[in-house]
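Q: Below is my_file.pdb; it holds PDB, C-alpha atoms.
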```
MODEL        1
ATOM      1  CA  MET U   1      61.633 117.753 101.970
ATOM      2  CA  ARG U   2      64.491 115.548 103.136
ATOM      3  CA  VAL U   3      64.025 112.066 104.604
ATOM      4  CA  LEU U   4      66.499 109.914 106.520
ATOM      5  CA  VAL U   5      66.025 106.158 106.011
ATOM      6  CA  VAL U   6      67.624 103.945 108.681
ATOM      7  CA  GLU U   7      67.356 100.373 107.389
ATOM      8  CA  ASP U   8      69.978  97.603 107.527
ATOM      9  CA  ASP U   9      68.487  95.673 104.603
ATOM     10  CA  VAL U  10      70.370  97.467 101.830
ATOM     11  CA  ARG U  11      68.012  96.346  99.064
ATOM     12  CA  LEU U  12      64.952  97.483 100.997
ATOM     13  CA  ALA U  13      66.637 100.775 101.877
ATOM     14  CA  GLU U  14      67.447 101.415  98.233
ATOM     15  CA  ALA U  15      63.886 100.533  97.230
ATOM     16  CA  LEU U  16      62.552 102.990  99.804
ATOM     17  CA  GLY U  17      64.964 105.585  98.492
ATOM     18  CA  ARG U  18      63.700 105.155  94.934
ATOM     19  CA  ILE U  19      60.060 105.436  96.027
ATOM     20  CA  LEU U  20      60.781 108.613  97.960
ATOM     21  CA  GLU U  21      62.859 110.200  95.200
ATOM     22  CA  ASP U  22      60.155 109.380  92.651
ATOM     23  CA  ASN U  23      57.757 111.343  94.878
ATOM     24  CA  GLY U  24      60.023 114.377  95.096
ATOM     25  CA  TYR U  25      61.772 113.760  98.420
ATOM     26  CA  GLY U  26      65.489 114.129  99.058
ATOM     27  CA  VAL U  27      66.818 110.961 100.716
ATOM     28  CA  ASP U  28      69.808 109.833 102.775
ATOM     29  CA  LEU U  29      70.269 106.130 103.525
ATOM     30  CA  VAL U  30      72.139 104.670 106.520
ATOM     31  CA  HIS U  31      72.269 101.065 107.655
ATOM     32  CA  ASP U  32      72.823 100.875 111.415
ATOM     33  CA  GLY U  33      71.400 102.410 114.558
ATOM     34  CA  GLN U  34      74.436 104.459 115.514
ATOM     35  CA  ALA U  35      74.497 106.083 112.083
ATOM     36  CA  GLY U  36      70.787 106.770 112.548
ATOM     37  CA  ILE U  37      71.531 108.631 115.782
ATOM     38  CA  ASP U  38      74.449 110.541 114.230
ATOM     39  CA  TYR U  39      72.541 111.610 111.118
ATOM     40  CA  GLY U  40      69.212 112.134 112.869
ATOM     41  CA  SER U  41      70.818 114.425 115.459
ATOM     42  CA  SER U  42      71.755 116.905 112.721
ATOM     43  CA  GLY U  43      68.218 118.279 112.661
ATOM     44  CA  ILE U  44      68.213 118.671 108.869
ATOM     45  CA  TYR U  45      65.563 116.027 108.143
ATOM     46  CA  ASP U  46      61.819 116.502 107.835
ATOM     47  CA  VAL U  47      61.037 112.836 108.592
ATOM     48  CA  ILE U  48      63.033 109.812 109.787
ATOM     49  CA  ILE U  49      62.004 106.331 108.589
ATOM     50  CA  LEU U  50      63.423 103.947 111.178
ATOM     51  CA  ASP U  51      63.610 100.161 111.167
ATOM     52  CA  VAL U  52      63.364  98.373 114.519
ATOM     53  CA  MET U  53      65.857  95.537 114.025
ATOM     54  CA  LEU U  54      69.188  97.291 113.432
ATOM     55  CA  PRO U  55      72.847  96.553 114.214
ATOM     56  CA  LYS U  56      74.701  98.687 116.819
ATOM     57  CA  ALA U  57      71.469 100.145 118.245
ATOM     58  CA  ASP U  58      67.876  99.008 117.657
ATOM     59  CA  GLY U  59      65.177 101.377 116.466
ATOM     60  CA  PHE U  60      63.691 101.842 119.939
ATOM     61  CA  THR U  61      67.091 102.949 121.243
ATOM     62  CA  VAL U  62      67.611 105.283 118.284
ATOM     63  CA  ALA U  63      64.235 106.943 118.847
ATOM     64  CA  GLN U  64      64.899 107.334 122.578
ATOM     65  CA  SER U  65      68.354 108.795 121.948
ATOM     66  CA  LEU U  66      67.031 111.352 119.476
ATOM     67  CA  ARG U  67      64.217 112.451 121.777
ATOM     68  CA  ARG U  68      66.609 112.755 124.718
ATOM     69  CA  ALA U  69      68.760 115.000 122.509
ATOM     70  CA  HIS U  70      65.636 117.154 121.916
ATOM     71  CA  VAL U  71      65.391 116.180 118.247
ATOM     72  CA  SER U  72      61.708 116.608 117.374
ATOM     73  CA  THR U  73      61.830 115.280 113.794
ATOM     74  CA  PRO U  74      58.808 113.002 113.141
ATOM     75  CA  ILE U  75      59.774 109.309 113.249
ATOM     76  CA  LEU U  76      58.019 106.592 111.247
ATOM     77  CA  LEU U  77      58.918 103.211 112.733
ATOM     78  CA  LEU U  78      59.113 100.136 110.486
ATOM     79  CA  THR U  79      58.581  96.772 112.152
ATOM     80  CA  ALA U  80      58.159  93.189 111.044
ATOM     81  CA  ARG U  81      56.376  92.598 114.333
ATOM     82  CA  ASP U  82      52.636  93.229 114.480
ATOM     83  CA  GLY U  83      52.199  92.607 118.191
ATOM     84  CA  THR U  84      50.516  95.354 120.177
ATOM     85  CA  GLN U  85      53.319  95.507 122.753
ATOM     86  CA  ASP U  86      55.966  96.222 120.106
ATOM     87  CA  LYS U  87      53.888  99.083 118.749
ATOM     88  CA  ILE U  88      53.388 100.489 122.248
ATOM     89  CA  THR U  89      57.128 100.190 122.929
ATOM     90  CA  GLY U  90      57.935 102.072 119.728
ATOM     91  CA  LEU U  91      55.488 104.885 120.394
ATOM     92  CA  ASP U  92      56.651 105.176 124.007
ATOM     93  CA  ALA U  93      60.251 105.357 122.755
ATOM     94  CA  GLY U  94      59.397 108.510 120.816
ATOM     95  CA  ALA U  95      58.120 107.335 117.423
ATOM     96  CA  ASP U  96      55.185 109.258 115.960
ATOM     97  CA  ASP U  97      53.798 106.507 113.738
ATOM     98  CA  TYR U  98      54.545 102.941 112.688
ATOM     99  CA  MET U  99      54.066 100.603 109.744
ATOM    100  CA  THR U 100      54.211  96.827 109.709
ATOM    101  CA  LYS U 101      56.261  95.114 106.994
ATOM    102  CA  PRO U 102      55.461  94.326 104.245
ATOM    103  CA  PHE U 103      53.784  97.519 103.053
ATOM    104  CA  SER U 104      52.900  99.088  99.728
ATOM    105  CA  PRO U 105      54.443 102.286  98.320
ATOM    106  CA  ALA U 106      50.995 103.906  98.511
ATOM    107  CA  GLU U 107      50.754 103.098 102.223
ATOM    108  CA  LEU U 108      54.227 104.500 102.853
ATOM    109  CA  MET U 109      53.411 107.776 101.109
ATOM    110  CA  ALA U 110      50.101 108.088 102.967
ATOM    111  CA  HIS U 111      51.917 107.768 106.314
ATOM    112  CA  LEU U 112      54.523 110.349 105.238
ATOM    113  CA  ARG U 113      51.855 112.807 104.144
ATOM    114  CA  ALA U 114      50.140 112.430 107.511
ATOM    115  CA  LEU U 115      53.399 113.027 109.370
ATOM    116  CA  THR U 116      54.396 116.056 107.335
ATOM    117  CA  ARG U 117      50.941 117.587 107.803
ATOM    118  CA  ARG U 118      51.566 117.357 111.543
ATOM    119  CA  GLN U 119      55.099 118.629 111.242
ATOM    120  CA  GLY U 120      54.198 122.242 111.842
ATOM    121  CA  ASP U 121      52.966 121.211 115.292
ATOM    122  CA  VAL U 122      56.125 119.361 116.299
ATOM    123  CA  MET U 123      58.909 121.234 114.537
ATOM    124  CA  PHE U 124      60.134 124.719 115.328
ATOM    125  CA  GLU U 125      60.091 127.179 112.417
ATOM    126  CA  THR U 126      63.331 128.760 113.624
ATOM    127  CA  LEU U 127      66.525 127.426 115.136
ATOM    128  CA  LYS U 128      68.113 129.706 117.725
ATOM    129  CA  ALA U 129      71.669 129.489 119.029
ATOM    130  CA  GLY U 130      73.682 132.234 120.670
ATOM    131  CA  ASP U 131      72.619 135.576 119.218
ATOM    132  CA  LEU U 132      71.530 133.991 115.920
ATOM    133  CA  SER U 133      68.191 132.820 114.589
ATOM    134  CA  LEU U 134      67.933 130.600 111.488
ATOM    135  CA  ASP U 135      64.606 130.501 109.661
ATOM    136  CA  LEU U 136      64.103 126.874 108.616
ATOM    137  CA  GLU U 137      61.825 127.785 105.723
ATOM    138  CA  SER U 138      63.328 130.919 104.176
ATOM    139  CA  PHE U 139      67.057 130.164 104.909
ATOM    140  CA  ASP U 140      67.337 133.647 106.509
ATOM    141  CA  LEU U 141      69.980 134.044 109.231
ATOM    142  CA  THR U 142      69.270 136.869 111.675
ATOM    143  CA  CYS U 143      71.295 138.605 114.369
ATOM    144  CA  GLY U 144      69.551 141.495 116.102
ATOM    145  CA  ASP U 145      68.073 143.735 113.415
ATOM    146  CA  SER U 146      70.273 142.332 110.617
ATOM    147  CA  THR U 147      69.267 139.475 108.322
ATOM    148  CA  ILE U 148      71.045 137.714 105.470
ATOM    149  CA  ARG U 149      69.901 134.944 103.137
ATOM    150  CA  LEU U 150      71.988 131.736 103.109
ATOM    151  CA  SER U 151      72.592 129.485 100.125
ATOM    152  CA  GLN U 152      71.327 125.907 100.336
ATOM    153  CA  LYS U 153      74.691 124.469 101.444
ATOM    154  CA  GLU U 154      75.399 127.362 103.817
ATOM    155  CA  TYR U 155      71.993 126.738 105.353
ATOM    156  CA  ALA U 156      72.584 122.989 105.702
ATOM    157  CA  ILE U 157      75.930 123.490 107.445
ATOM    158  CA  ALA U 158      74.642 126.292 109.656
ATOM    159  CA  ARG U 159      71.673 124.163 110.701
ATOM    160  CA  ILE U 160      73.905 121.212 111.591
ATOM    161  CA  LEU U 161      76.296 123.325 113.670
ATOM    162  CA  MET U 162      73.661 125.506 115.353
ATOM    163  CA  ALA U 163      71.559 122.451 116.289
ATOM    164  CA  SER U 164      74.415 121.247 118.532
ATOM    165  CA  PRO U 165      76.206 124.272 120.039
ATOM    166  CA  GLY U 166      79.574 123.310 121.482
ATOM    167  CA  ALA U 167      79.611 119.888 119.811
ATOM    168  CA  VAL U 168      82.506 119.109 117.497
ATOM    169  CA  ILE U 169      81.275 118.060 114.041
ATOM    170  CA  SER U 170      83.831 116.385 111.795
ATOM    171  CA  LYS U 171      84.314 117.309 108.148
ATOM    172  CA  ASP U 172      83.201 113.828 107.149
ATOM    173  CA  ALA U 173      79.988 114.242 109.128
ATOM    174  CA  LEU U 174      79.314 117.618 107.514
ATOM    175  CA  ILE U 175      79.882 116.147 104.050
ATOM    176  CA  GLY U 176      77.600 113.192 104.789
ATOM    177  CA  ARG U 177      74.815 115.338 106.190
ATOM    178  CA  ALA U 178      74.998 118.403 103.939
ATOM    179  CA  TRP U 179      75.962 116.743 100.637
ATOM    180  CA  GLY U 180      74.793 113.164 101.232
ATOM    181  CA  PRO U 181      76.688 109.943 102.000
ATOM    182  CA  ASP U 182      77.407 109.182  98.335
ATOM    183  CA  SER U 183      78.654 112.669  97.442
ATOM    184  CA  SER U 184      82.070 113.295  95.885
ATOM    185  CA  ALA U 185      82.441 116.500  97.952
ATOM    186  CA  GLY U 186      85.690 116.787  99.891
ATOM    187  CA  ASP U 187      87.364 118.779 102.645
ATOM    188  CA  ASN U 188      87.887 121.762 100.327
ATOM    189  CA  ASN U 189      84.144 122.057  99.799
ATOM    190  CA  VAL U 190      83.517 122.130 103.546
ATOM    191  CA  GLU U 191      86.300 124.661 104.135
ATOM    192  CA  ALA U 192      84.901 126.942 101.428
ATOM    193  CA  TYR U 193      81.390 126.990 102.874
ATOM    194  CA  ILE U 194      82.675 127.415 106.425
ATOM    195  CA  SER U 195      84.573 130.478 105.135
ATOM    196  CA  PHE U 196      81.390 131.826 103.504
ATOM    197  CA  LEU U 197      79.436 131.333 106.736
ATOM    198  CA  ARG U 198      82.099 133.033 108.847
ATOM    199  CA  LYS U 199      82.001 136.083 106.583
ATOM    200  CA  LYS U 200      78.231 136.230 106.960
ATOM    201  CA  LEU U 201      78.467 135.991 110.759
ATOM    202  CA  THR U 202      80.927 138.891 110.680
ATOM    203  CA  HIS U 203      78.630 140.855 108.355
ATOM    204  CA  LEU U 204      75.751 140.327 110.796
ATOM    205  CA  GLY U 205      77.877 141.462 113.737
ATOM    206  CA  SER U 206      77.348 138.169 115.583
ATOM    207  CA  SER U 207      79.419 137.379 118.664
ATOM    208  CA  SER U 208      79.077 133.660 117.888
ATOM    209  CA  ILE U 209      81.724 131.942 115.789
ATOM    210  CA  ILE U 210      82.478 128.698 113.980
ATOM    211  CA  GLU U 211      85.606 127.409 115.666
ATOM    212  CA  THR U 212      88.132 125.147 113.953
ATOM    213  CA  ILE U 213      89.187 122.103 115.966
ATOM    214  CA  ARG U 214      92.400 121.192 114.198
ATOM    215  CA  SER U 215      92.501 117.741 112.589
ATOM    216  CA  VAL U 216      88.976 117.072 113.872
ATOM    217  CA  GLY U 217      86.340 119.463 112.517
ATOM    218  CA  TYR U 218      84.302 122.468 113.609
ATOM    219  CA  ARG U 219      81.996 123.601 116.367
ATOM    220  CA  PHE U 220      79.555 126.439 116.832
ATOM    221  CA  VAL U 221      80.513 128.591 119.822
ATOM    222  CA  GLU U 222      77.932 130.942 121.313
ATOM    223  CA  GLY U 223      79.179 134.387 122.290
ATOM    224  CA  ALA U 224      82.841 133.501 121.737
ATOM    225  CA  ASP U 225      85.712 135.769 122.722
ATOM    226  CA  GLU U 226      88.309 137.033 120.256
ATOM    227  CA  SER U 227      90.945 134.486 121.333
ATOM    228  CA  ALA U 228      89.023 131.544 119.865
ATOM    229  CA  ASP U 229      90.481 129.854 116.775
ATOM    230  CA  ARG U 230      88.337 130.940 113.855
TER     231      ARG U 230
ENDMDL
END
```
Take the structure in the file and write it out as structure tokens.
A:
Amino acid sequence: MRVLVVEDDVRLAEALGRILEDNGYGVDLVHDGQAGIDYGSSGIYDVIILDVMLPKADGFTVAQSLRRAHVSTPILLLTARDGTQDKITGLDAGADDYMTKPFSPAELMAHLRALTRRQGDVMFETLKAGDLSLDLESFDLTCGDSTIRLSQKEYAIARILMASPGAVISKDALIGRAWGPDSSAGDNNVEAYISFLRKKLTHLGSSSIIETIRSVGYRFVEGADESADR
């Protein structure tokens, strides 16, 4: 499972990251609300741990933005405030659960286990865009009666692009989301996996394409015509 931690206290974020990694989770750390929206919108995370007091956009705003974008990833809200109204505000903003700081590692893991047990009720098992269907458990990509298995990185990139049809996703964003913010992956890595994915779309006979937006990035285009820049 992969967890996004949105926490502006770098030391606390790193401590959370260590706890999660020690318990077998993959973790990405970001430190402001806008980054939380950008990363959270990718749809590749199983849970989002979200602080309330953040620069650029507070946790309530981040949760609202993600829910308005139809991101259903479970959100665990962290707050230093223990007032009832703050908890109500967080839950009304779209959070699924909350914890009050300070908390123990055992408490954190108990909340995550509860959220992931519920995940089957709030997350779709497949992601559909255009004439394609991506199985979020098996990494199978299907078009009509044809199915092909994606590699882990192919799956991550396909999920990011298919979650936001028509949206332009930069190479830097793809690297950050598919490889992680501290990865040494570069543009060549992205270009290689985009090429692999395009070949698989062709093999499946899909009318959807991954379009290159020169000097910017890529976007998933549903039912594209042959004149599009592949």
Q: For the file shown, report as a short mmCIF file (atom, residue, chain, number, x, y, z; two decimals) with C-alpha atoms, keeping the file's coordinate frame the outcome of the PyMOL selection byres ((chain U and resi 87) around 12) at residue level.
A:
```cif
data_model
loop_
_atom_site.label_atom_id
_atom_site.label_comp_id
_atom_site.auth_asym_id
_atom_site.auth_seq_id
_atom_site.Cartn_x
_atom_site.Cartn_y
_atom_site.Cartn_z
CA VAL U 52 63.36 98.37 114.52
CA GLY U 59 65.18 101.38 116.47
CA PHE U 60 63.69 101.84 119.94
CA LEU U 76 58.02 106.59 111.25
CA LEU U 77 58.92 103.21 112.73
CA LEU U 78 59.11 100.14 110.49
CA THR U 79 58.58 96.77 112.15
CA ALA U 80 58.16 93.19 111.04
CA ARG U 81 56.38 92.60 114.33
CA ASP U 82 52.64 93.23 114.48
CA GLY U 83 52.20 92.61 118.19
CA THR U 84 50.52 95.35 120.18
CA GLN U 85 53.32 95.51 122.75
CA ASP U 86 55.97 96.22 120.11
CA ILE U 88 53.39 100.49 122.25
CA THR U 89 57.13 100.19 122.93
CA GLY U 90 57.94 102.07 119.73
CA LEU U 91 55.49 104.88 120.39
CA ASP U 92 56.65 105.18 124.01
CA ALA U 93 60.25 105.36 122.76
CA GLY U 94 59.40 108.51 120.82
CA ALA U 95 58.12 107.34 117.42
CA ASP U 96 55.18 109.26 115.96
CA ASP U 97 53.80 106.51 113.74
CA TYR U 98 54.54 102.94 112.69
CA MET U 99 54.07 100.60 109.74
CA THR U 100 54.21 96.83 109.71
#
```
Q: Using only C-alpha atoms for the distances, tell me which of U:Pro74, U:Pro55, U:Gly26, U:Gly17 is nearest to Gly43 in chain U.
A: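 For Gly43 in chain U, the nearest of the candidates is U:Pro74.
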Q: Counting all atoms listed in the file, figure out which residue out of U:Gln34, U:Ser65, U:Ser41, U:Ser138 gets nearest to Ser164 in chain U.
A: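 With all atoms listed in the file as the atom set, the closest residue is U:Ser41.
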Q: Given the choices U:Ala110, U:Ile210, U:Leu66, U:Val221, which gets closest to Ser42 in chain U if the distance is worked out from only C-alpha atoms?
A: U:Leu66
Q: Could you work out how far CA of Ala106 in chain U lies from CA of Arg177 in chain U, giving the answer in Å with one decimal?
A: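 So the two atoms, CA of Arg177 in chain U and CA of Ala106 in chain U, lie 27.5 Å apart.
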Q: Could you list, as an MDAnalysis selection string, every residue matched by the PyMOL selection byres ((chain U and resi 168) around 8) in this structure?
A: chainID U and resid 166:167 169:170 213 216:220
Q: Write out all heavy atoms for range 148-159 of chain U, as a PDB file, in the coordinates of the input.
A:
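Full text of out.pdb as output:
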```
ATOM      1  N   ILE U 148      70.401 138.033 106.740  1.00  0.00           N
ATOM      2  CA  ILE U 148      71.045 137.714 105.470  1.00  0.00           C
ATOM      3  C   ILE U 148      70.539 136.359 105.008  1.00  0.00           C
ATOM      4  O   ILE U 148      70.249 135.477 105.823  1.00  0.00           O
ATOM      5  CB  ILE U 148      72.593 137.722 105.625  1.00  0.00           C
ATOM      6  CG1 ILE U 148      73.271 137.779 104.260  1.00  0.00           C
ATOM      7  CG2 ILE U 148      73.079 136.546 106.455  1.00  0.00           C
ATOM      8  CD1 ILE U 148      74.749 138.125 104.346  1.00  0.00           C
ATOM      9  N   ARG U 149      70.390 136.201 103.714  1.00  0.00           N
ATOM     10  CA  ARG U 149      69.901 134.944 103.137  1.00  0.00           C
ATOM     11  C   ARG U 149      71.078 134.003 102.883  1.00  0.00           C
ATOM     12  O   ARG U 149      72.087 134.399 102.312  1.00  0.00           O
ATOM     13  CB  ARG U 149      69.162 135.223 101.823  1.00  0.00           C
ATOM     14  CG  ARG U 149      68.630 134.006 101.076  1.00  0.00           C
ATOM     15  CD  ARG U 149      67.498 133.321 101.797  1.00  0.00           C
ATOM     16  NE  ARG U 149      66.415 134.208 102.146  1.00  0.00           N
ATOM     17  CZ  ARG U 149      65.413 134.541 101.317  1.00  0.00           C
ATOM     18  NH1 ARG U 149      65.369 134.068 100.079  1.00  0.00           N
ATOM     19  NH2 ARG U 149      64.457 135.352 101.724  1.00  0.00           N
ATOM     20  N   LEU U 150      70.949 132.734 103.316  1.00  0.00           N
ATOM     21  CA  LEU U 150      71.988 131.736 103.109  1.00  0.00           C
ATOM     22  C   LEU U 150      71.700 130.926 101.855  1.00  0.00           C
ATOM     23  O   LEU U 150      70.539 130.713 101.487  1.00  0.00           O
ATOM     24  CB  LEU U 150      72.079 130.786 104.305  1.00  0.00           C
ATOM     25  CG  LEU U 150      72.382 131.396 105.675  1.00  0.00           C
ATOM     26  CD1 LEU U 150      72.518 130.287 106.714  1.00  0.00           C
ATOM     27  CD2 LEU U 150      73.635 132.257 105.638  1.00  0.00           C
ATOM     28  N   SER U 151      72.756 130.444 101.224  1.00  0.00           N
ATOM     29  CA  SER U 151      72.592 129.485 100.125  1.00  0.00           C
ATOM     30  C   SER U 151      72.181 128.144 100.719  1.00  0.00           C
ATOM     31  O   SER U 151      72.219 127.936 101.941  1.00  0.00           O
ATOM     32  CB  SER U 151      73.896 129.326  99.348  1.00  0.00           C
ATOM     33  OG  SER U 151      74.861 128.649 100.144  1.00  0.00           O
ATOM     34  N   GLN U 152      71.800 127.207  99.858  1.00  0.00           N
ATOM     35  CA  GLN U 152      71.327 125.907 100.336  1.00  0.00           C
ATOM     36  C   GLN U 152      72.385 125.196 101.167  1.00  0.00           C
ATOM     37  O   GLN U 152      72.095 124.661 102.246  1.00  0.00           O
ATOM     38  CB  GLN U 152      70.912 125.037  99.153  1.00  0.00           C
ATOM     39  CG  GLN U 152      70.313 123.696  99.583  1.00  0.00           C
ATOM     40  CD  GLN U 152      69.807 122.892  98.397  1.00  0.00           C
ATOM     41  OE1 GLN U 152      69.958 123.281  97.254  1.00  0.00           O
ATOM     42  NE2 GLN U 152      69.189 121.765  98.673  1.00  0.00           N
ATOM     43  N   LYS U 153      73.634 125.166 100.708  1.00  0.00           N
ATOM     44  CA  LYS U 153      74.691 124.469 101.444  1.00  0.00           C
ATOM     45  C   LYS U 153      75.081 125.237 102.702  1.00  0.00           C
ATOM     46  O   LYS U 153      75.364 124.638 103.750  1.00  0.00           O
ATOM     47  CB  LYS U 153      75.912 124.241 100.546  1.00  0.00           C
ATOM     48  CG  LYS U 153      75.718 123.146  99.513  1.00  0.00           C
ATOM     49  CD  LYS U 153      75.568 121.783 100.194  1.00  0.00           C
ATOM     50  CE  LYS U 153      75.437 120.652  99.180  1.00  0.00           C
ATOM     51  NZ  LYS U 153      74.142 120.641  98.496  1.00  0.00           N
ATOM     52  N   GLU U 154      75.123 126.562 102.617  1.00  0.00           N
ATOM     53  CA  GLU U 154      75.399 127.362 103.817  1.00  0.00           C
ATOM     54  C   GLU U 154      74.343 127.074 104.878  1.00  0.00           C
ATOM     55  O   GLU U 154      74.663 126.905 106.066  1.00  0.00           O
ATOM     56  CB  GLU U 154      75.403 128.848 103.474  1.00  0.00           C
ATOM     57  CG  GLU U 154      76.601 129.305 102.661  1.00  0.00           C
ATOM     58  CD  GLU U 154      76.433 130.725 102.165  1.00  0.00           C
ATOM     59  OE1 GLU U 154      75.292 131.237 102.166  1.00  0.00           O
ATOM     60  OE2 GLU U 154      77.440 131.328 101.765  1.00  0.00           O
ATOM     61  N   TYR U 155      73.103 127.021 104.440  1.00  0.00           N
ATOM     62  CA  TYR U 155      71.993 126.738 105.353  1.00  0.00           C
ATOM     63  C   TYR U 155      72.151 125.362 105.997  1.00  0.00           C
ATOM     64  O   TYR U 155      71.993 125.208 107.213  1.00  0.00           O
ATOM     65  CB  TYR U 155      70.673 126.818 104.596  1.00  0.00           C
ATOM     66  CG  TYR U 155      69.511 126.167 105.303  1.00  0.00           C
ATOM     67  CD1 TYR U 155      68.840 126.827 106.329  1.00  0.00           C
ATOM     68  CD2 TYR U 155      69.083 124.893 104.939  1.00  0.00           C
ATOM     69  CE1 TYR U 155      67.771 126.229 106.980  1.00  0.00           C
ATOM     70  CE2 TYR U 155      68.021 124.293 105.586  1.00  0.00           C
ATOM     71  CZ  TYR U 155      67.373 124.962 106.603  1.00  0.00           C
ATOM     72  OH  TYR U 155      66.322 124.364 107.256  1.00  0.00           O
ATOM     73  N   ALA U 156      72.456 124.352 105.178  1.00  0.00           N
ATOM     74  CA  ALA U 156      72.584 122.989 105.702  1.00  0.00           C
ATOM     75  C   ALA U 156      73.675 122.914 106.762  1.00  0.00           C
ATOM     76  O   ALA U 156      73.494 122.312 107.833  1.00  0.00           O
ATOM     77  CB  ALA U 156      72.864 122.008 104.563  1.00  0.00           C
ATOM     78  N   ILE U 157      74.818 123.531 106.492  1.00  0.00           N
ATOM     79  CA  ILE U 157      75.930 123.490 107.445  1.00  0.00           C
ATOM     80  C   ILE U 157      75.603 124.297 108.697  1.00  0.00           C
ATOM     81  O   ILE U 157      75.857 123.854 109.831  1.00  0.00           O
ATOM     82  CB  ILE U 157      77.223 123.984 106.779  1.00  0.00           C
ATOM     83  CG1 ILE U 157      77.659 122.987 105.693  1.00  0.00           C
ATOM     84  CG2 ILE U 157      78.340 124.160 107.812  1.00  0.00           C
ATOM     85  CD1 ILE U 157      78.819 123.467 104.846  1.00  0.00           C
ATOM     86  N   ALA U 158      75.014 125.477 108.502  1.00  0.00           N
ATOM     87  CA  ALA U 158      74.642 126.292 109.656  1.00  0.00           C
ATOM     88  C   ALA U 158      73.640 125.556 110.540  1.00  0.00           C
ATOM     89  O   ALA U 158      73.747 125.579 111.776  1.00  0.00           O
ATOM     90  CB  ALA U 158      74.054 127.625 109.193  1.00  0.00           C
ATOM     91  N   ARG U 159      72.688 124.880 109.926  1.00  0.00           N
ATOM     92  CA  ARG U 159      71.673 124.163 110.701  1.00  0.00           C
ATOM     93  C   ARG U 159      72.301 123.025 111.499  1.00  0.00           C
ATOM     94  O   ARG U 159      71.956 122.807 112.660  1.00  0.00           O
ATOM     95  CB  ARG U 159      70.591 123.629 109.764  1.00  0.00           C
ATOM     96  CG  ARG U 159      69.433 122.962 110.482  1.00  0.00           C
ATOM     97  CD  ARG U 159      68.293 122.658 109.530  1.00  0.00           C
ATOM     98  NE  ARG U 159      67.220 121.943 110.207  1.00  0.00           N
ATOM     99  CZ  ARG U 159      66.059 121.623 109.644  1.00  0.00           C
ATOM    100  NH1 ARG U 159      65.825 121.976 108.388  1.00  0.00           N
ATOM    101  NH2 ARG U 159      65.130 120.972 110.315  1.00  0.00           N
TER     102      ARG U 159
END
```
